[in-house]
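Have a look at the structure below before the remarks.
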Amino acid sequence: MPADPSATAAHTDPPPAVNRDIVDALLASYEVDGRTQHLDATFLPSRARTIDLVECFRRLIFPGFFDDQRITRANVRDHVTRGLHHARELLHDQVHQALRHDLNRRRAAGEACDTDADCQPVARDIADRMLAALPELRRRLALDVQAIFDGDPAARSTDEVIFCYPGLDAVFIHRLAHTLYRLEIPLLPRIMAEYAHNETGIDIHPGATIGDSFCIDHGTGVVIGETCRIGAHVKIYQGVTLGALSTKGGQDYRGMKRHPDIADDVTIYGGAVILGGGTTIGQGATIGGAVFITRSIPAYHTVTMESGDLKVVAQRRRGKQQTHPLDFQI
Amino acid sequence: MPADPSATAAHTDPPPAVNRDIVDALLASYEVDGRTQHLDATFLPSRARTIDLVECFRRLIFPGFFDDQRITRANVRDHVTRGLHHARELLHDQVHQALRHDLNRRRAAGEACDTDADCQPVARDIADRMLAALPELRRRLALDVQAIFDGDPAARSTDEVIFCYPGLDAVFIHRLAHTLYRLEIPLLPRIMAEYAHNETGIDIHPGATIGDSFCIDHGTGVVIGETCRIGAHVKIYQGVTLGALSTKGGQDYRGMKRHPDIADDVTIYGGAVILGGGTTIGQGATIGGAVFITRSIPAYHTVTMESGDLKVVAQRRRGKQQTHPLDFQI
Amino acid sequence: MPADPSATAAHTDPPPAVNRDIVDALLASYEVDGRTQHLDATFLPSRARTIDLVECFRRLIFPGFFDDQRITRANVRDHVTRGLHHARELLHDQVHQALRHDLNRRRAAGEACDTDADCQPVARDIADRMLAALPELRRRLALDVQAIFDGDPAARSTDEVIFCYPGLDAVFIHRLAHTLYRLEIPLLPRIMAEYAHNETGIDIHPGATIGDSFCIDHGTGVVIGETCRIGAHVKIYQGVTLGALSTKGGQDYRGMKRHPDIADDVTIYGGAVILGGGTTIGQGATIGGAVFITRSIPAYHTVTMESGDLKVVAQRRRGKQQTHPLDFQI
């Protein structure tokens with residue numbers, strides 16, 4: 001007898017087979033619109049395996065934090081050798097499929113390209129370059145860990161930052177994705193970035209360039225656009241947007257510098273919106289919470305909202321129950 | 001020997017059995033408050049199976065994108081037949097349980113209703129109507145995919161939109177949930193909507209009506225209320241709220257028009273807040289980032305914040321280390 | 001033959017073994033920076049098991065809602081006894097590891113502490129105190145369920161609130177985490193809080209004190225800081241920040257009161273930002289959407305943005321296609 005009672009209902013009274021007309025109608029709809037089907041196409045990367053790859057890199061970069069066994073100096077070589085082998089296989093496979101997919105897409109779009117090109121050697125080379133980049137990624141992530149710890153009085157230890165902080169999670173994944181982006185691998189960096197976005201609410205396009213010792217606190221709602229350049233020792237809070245001034249031009253704007261530059265030592269408080277490819281926030285500037293900026297700010301300046309914008313009014317005092325819900329407008 | 005060292009601690013020194021007083025106290029607390037227990041209740045939909053259903057629909061609507069095997073024109077009929085059968089079983093089960101649960105709830109609330117009603121035929125009919133709606137859902141989602149691609153210079157292909165974009169994920173799940181909402185199925189649409197909210201940070205109530213070619217960019221923090229009506233070719237960004245003016249009236253407001261209408265061709269930038277059931281944003285209007293609106297805006301108007309609201313002040317220039325942390329207020 | 005075509009590519013042409021230099025380089029990098037490795041360290045709590053613990057508590061606190069079998073008055077004692085036993089084992093293990101980890105950390109930091117201390121009895125005592133607290137947690141959560149239901153006209157039943165509402169999910173996990181925080185357990189409360197943050201976009205530090213009948217609506221982007229104190233019957237919306245005025249002092253501010261106090265019966269609308277340890281929002285006050293507050297507000301006052309801050313301008317009317325994308329600035 002099934003342990004799950006909800007399975008029972010269907011079993012006691014099974015529905016008849018699906019009507020053939022419904023099958024035919026759905027199949028016919030696959031032929032109408034090529035954008036929303038991917039039939040007979042050979043290669044497409046796998047989201048699940050890309051996430052597997054990110055988690056494999058996480059264990060290699062922060063050994064002992066996320067493993068399900070104890071890592072000691074006695075077993076670490078074995079652990080690392082197996083981890084690197086697994087990462088390399090996944091990476092090679094996914095890069096190869098991303099490259100094949102892109103080749104097919106460009107051929108379908110009528111671009112001139114060598115469609116018989118063998119993507120295997122390129123994929124192998126990329127995989128090896130990524131693995132060789134791990135020590136440098138570790139060096140930079142240690143700086144990010146320290147910056148987050150230093151910036152948050154609620155943090156008790158750097159272990160806690162590695163273990164729990166979504167800001168570090170997002171920056172870790174971004175640094176992986178950005179490395180692949182610079183190697184001109186299609187699709188995979190974006191899948192990684194959206195995994196981070198999904199996990200943390202922090203949306204960093206893999207194209208964004210981010211300097212050392214980067215600190216995102218809380219982070220939900222942060223958006224950092226593709227052509228942003230961010231210096232060292234920058235700190236940003238939840239809900240900050242570093243975005244484009246307008247995207248009405250859509251695909252015509254591809255490749256243009258659309259997002260702001262943030263110099264070293266800048267702090268940007270929660271909810272601030274900074275827009276435009278010509279906008280630069282100068283070194284050491286402080287951008288107050290919830291401000292909206294579309295022009296450059298000089299170095300060592302502070303931007304805040306004017307006080308006096310708020311209206312503070314006494315309510316007619318009375319019990320909660322008697323307040324009519326619409327006698328004030330919010 | 002267990003691979004996991006954390007398991008060891010407990011095994012070497014097992015805790016004694018849980019004190020009977022603690023069991024009795026918790027059991028007694030189940031009898032005190034009926035709201036937070038669901039004992040002896042026969043039917044409740046399953047969140048896990050509802051998510052399974054959404055993912056099954058995703059594979060049927062976008063064949064070849066999310067399957068773990070290659071879908072070709074040779075195997076697609078078989079694939080679709082099995083997928084539709086699985087979706088129909090899940091749907092029938094979950095709809096049936098949602099209907100039974102609602103019937104029990106209404107009886108408990110003292111509403112007049114036929115508590116012996118057989119929900120099976122209704123559930124079967126609903127399941128068949130949902131399956132028959134799939135080709136139309138595909139047609140509309142192809143327009144959404146195109147709108148998102150056209151609107152984002154960072155997108156490289158429509159495949160990337162289907163594969164990675166949270167805005168499409170949220171709209172896909174919303175269009176499923178809204179179809180069930182219009183068929184007056186309780187609970188399931190909301191479970192679906194909260195799955196999308198959890199995955200994307202985009203919170204669209206299943207009751208909201210959304211026209212063709214809808215584009216949400218980035219999306220984290222978007223809130224779209226139950227009685228919103230949104231036209232065609234509308235584009236909104238992260239953090240936009242289309243909400244109620246006040247909800248102090250709570251349950252007294254159920255069924256009232258509480259959320260704004262957005263006409264065709266409107267663009268709403270990040271963080272804008274538009275409130276109220278009587279508020280209409282006219283055709284072609286552009287709403288700037290971070291504005292707060294509680295009144296209607298005519299067609300082909302642009303709303304922005306007044307510049308001049310910001311205070312830009314030079315900091316006393318000096319090294320970072322010497323800056324006293326509180327000598328400016330943000 | 002593998003069902004998954006993506007596996008094939010690698011198998012037909014397996015990559016050679018990972019280069020020994022790459023292994024050596026990564027191993028060497030582990031020796032350079034102690035912050036980002038955790039080798040030879042005995043104890044670290046497990047994120048997966050902490051989540052398992054939260055879900056076990058969820059089933060004990062809301063019996064019948066999240067179980068995969070029907071819970072009846074006939075089987076509930078058996079169900080509860082097994083659940084409590086499982087929760088106790090998990091809790092004992094994780095608390096023990098968190099305490100050991102903290103002891104090692106303090107020793108490494110040169111703090112005076114008894115590093116041979118046996119954390120087992122403390123862990124056992126904490127586990128029992130948490131289990132004994134469950135009936136009181138149930139009492140408080142029933143009030144939260146009711147507050148969320150009363151506050152949302154879109155809610156159809158309290159069951160729907162328990163089943164789907166992220167606001168309840170976040171408060172449920174917070175009340176667990178805060179109980180452990182008050183028992184001075186390191187790390188675990190924060191792991192729980194970040195699990196809630198990940199699931200709901202709601203970031204409540206486990207240190208925050210929250211009164212009865214708390215309602216968070218929608219919730220994405222909410223941030224509530226460590227030293228916040230929130231009264232009873234408070235309602236807050238998506239994107240609200242109750243934060244610190246400045247955190248440039250970083251670790252120097254640890255333990256200071258940095259976040260605001262919110263008195264009873266306060267409502268705070270979407271996107272409002274309230275900062276500072278000296279800021280108090282008085283009883284019954286209403287804070288309008290998107291306002292930015294760094295000073296105290298008296299009881300029974302309403303704070304809104306001045307109207308007149310917006311600029312509404314007619315666009316030169318014409319077809320969408322002809323609009324030059326940059327002839328207005330947003």
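For the structure tokens, the naming scheme is as follows: chains receive sequential letters (A, B, ...) according to their order of presentation, residues are indexed from 1 within each chain, and ligands are indexed from 1 in presentation order.
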So that each row is one residue of chain C with an atom at most 7 Å from chain B, can you give its shortest atom pair and the distance in Å to one decimal, using only C-alpha atoms, rows by chain and rising number, as CSV?
residue,atom,partner,partner_atom,distance
C:Ala3,CA,B:Gln69,CA,5.8
C:Asp4,CA,B:Gln69,CA,4.9
C:Pro5,CA,B:Gln69,CA,6.2
C:Phe62,CA,B:Gln37,CA,5.2
C:Pro63,CA,B:Gln37,CA,5.1
C:Gly64,CA,B:His38,CA,4.5
C:Phe65,CA,B:His38,CA,6.0
C:Ile71,CA,B:Leu39,CA,5.4
C:Thr72,CA,B:Asp40,CA,4.3
C:Arg73,CA,B:Asp40,CA,6.5
C:Val80,CA,B:Val23,CA,6.8
C:Thr81,CA,B:Val23,CA,6.2
C:Leu84,CA,B:Val18,CA,6.9
C:His85,CA,B:Val18,CA,5.9
C:Asp93,CA,B:Ala10,CA,6.1
C:Leu131,CA,B:Ile22,CA,6.9
C:Ala132,CA,B:Ile22,CA,5.8
C:Leu134,CA,B:Leu26,CA,6.7
C:Pro135,CA,B:Leu26,CA,5.5
C:Ala142,CA,B:Thr36,CA,6.0
C:Asp150,CA,B:Gly250,CA,5.4
C:Gly151,CA,B:Gly250,CA,4.4
C:Asp152,CA,B:Gly250,CA,5.2
C:Pro153,CA,B:Gln251,CA,4.4
C:Ala154,CA,B:Arg254,CA,6.3
C:Thr158,CA,B:Arg35,CA,6.6
C:Glu160,CA,B:Leu187,CA,6.6
C:Cys164,CA,B:Ile191,CA,5.7
C:Glu199,CA,B:Asn198,CA,5.6
C:Thr200,CA,B:Asn198,CA,5.8
C:Gly201,CA,B:Gly201,CA,6.7
C:Thr220,CA,B:Gly221,CA,5.3
C:Gly221,CA,B:Gly221,CA,6.3
C:Leu245,CA,B:Ile330,CA,6.6
C:Lys248,CA,B:Pro325,CA,5.2
C:Gly249,CA,B:Pro325,CA,5.4
C:Asp309,CA,B:Glu306,CA,5.5
C:Leu310,CA,B:Met305,CA,4.6
C:Lys311,CA,B:Thr304,CA,5.2
C:Val312,CA,B:Val303,CA,4.5
C:Val313,CA,B:Thr302,CA,5.2
C:Ala314,CA,B:His301,CA,4.2
C:Gln315,CA,B:His301,CA,5.2
C:Arg317,CA,B:Tyr300,CA,6.4
C:Ile330,CA,B:Gly288,CA,5.1
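Of note, atom CA of B:Gly167 and atom CA of A:Pro260 are spaced 23.2 Å apart.
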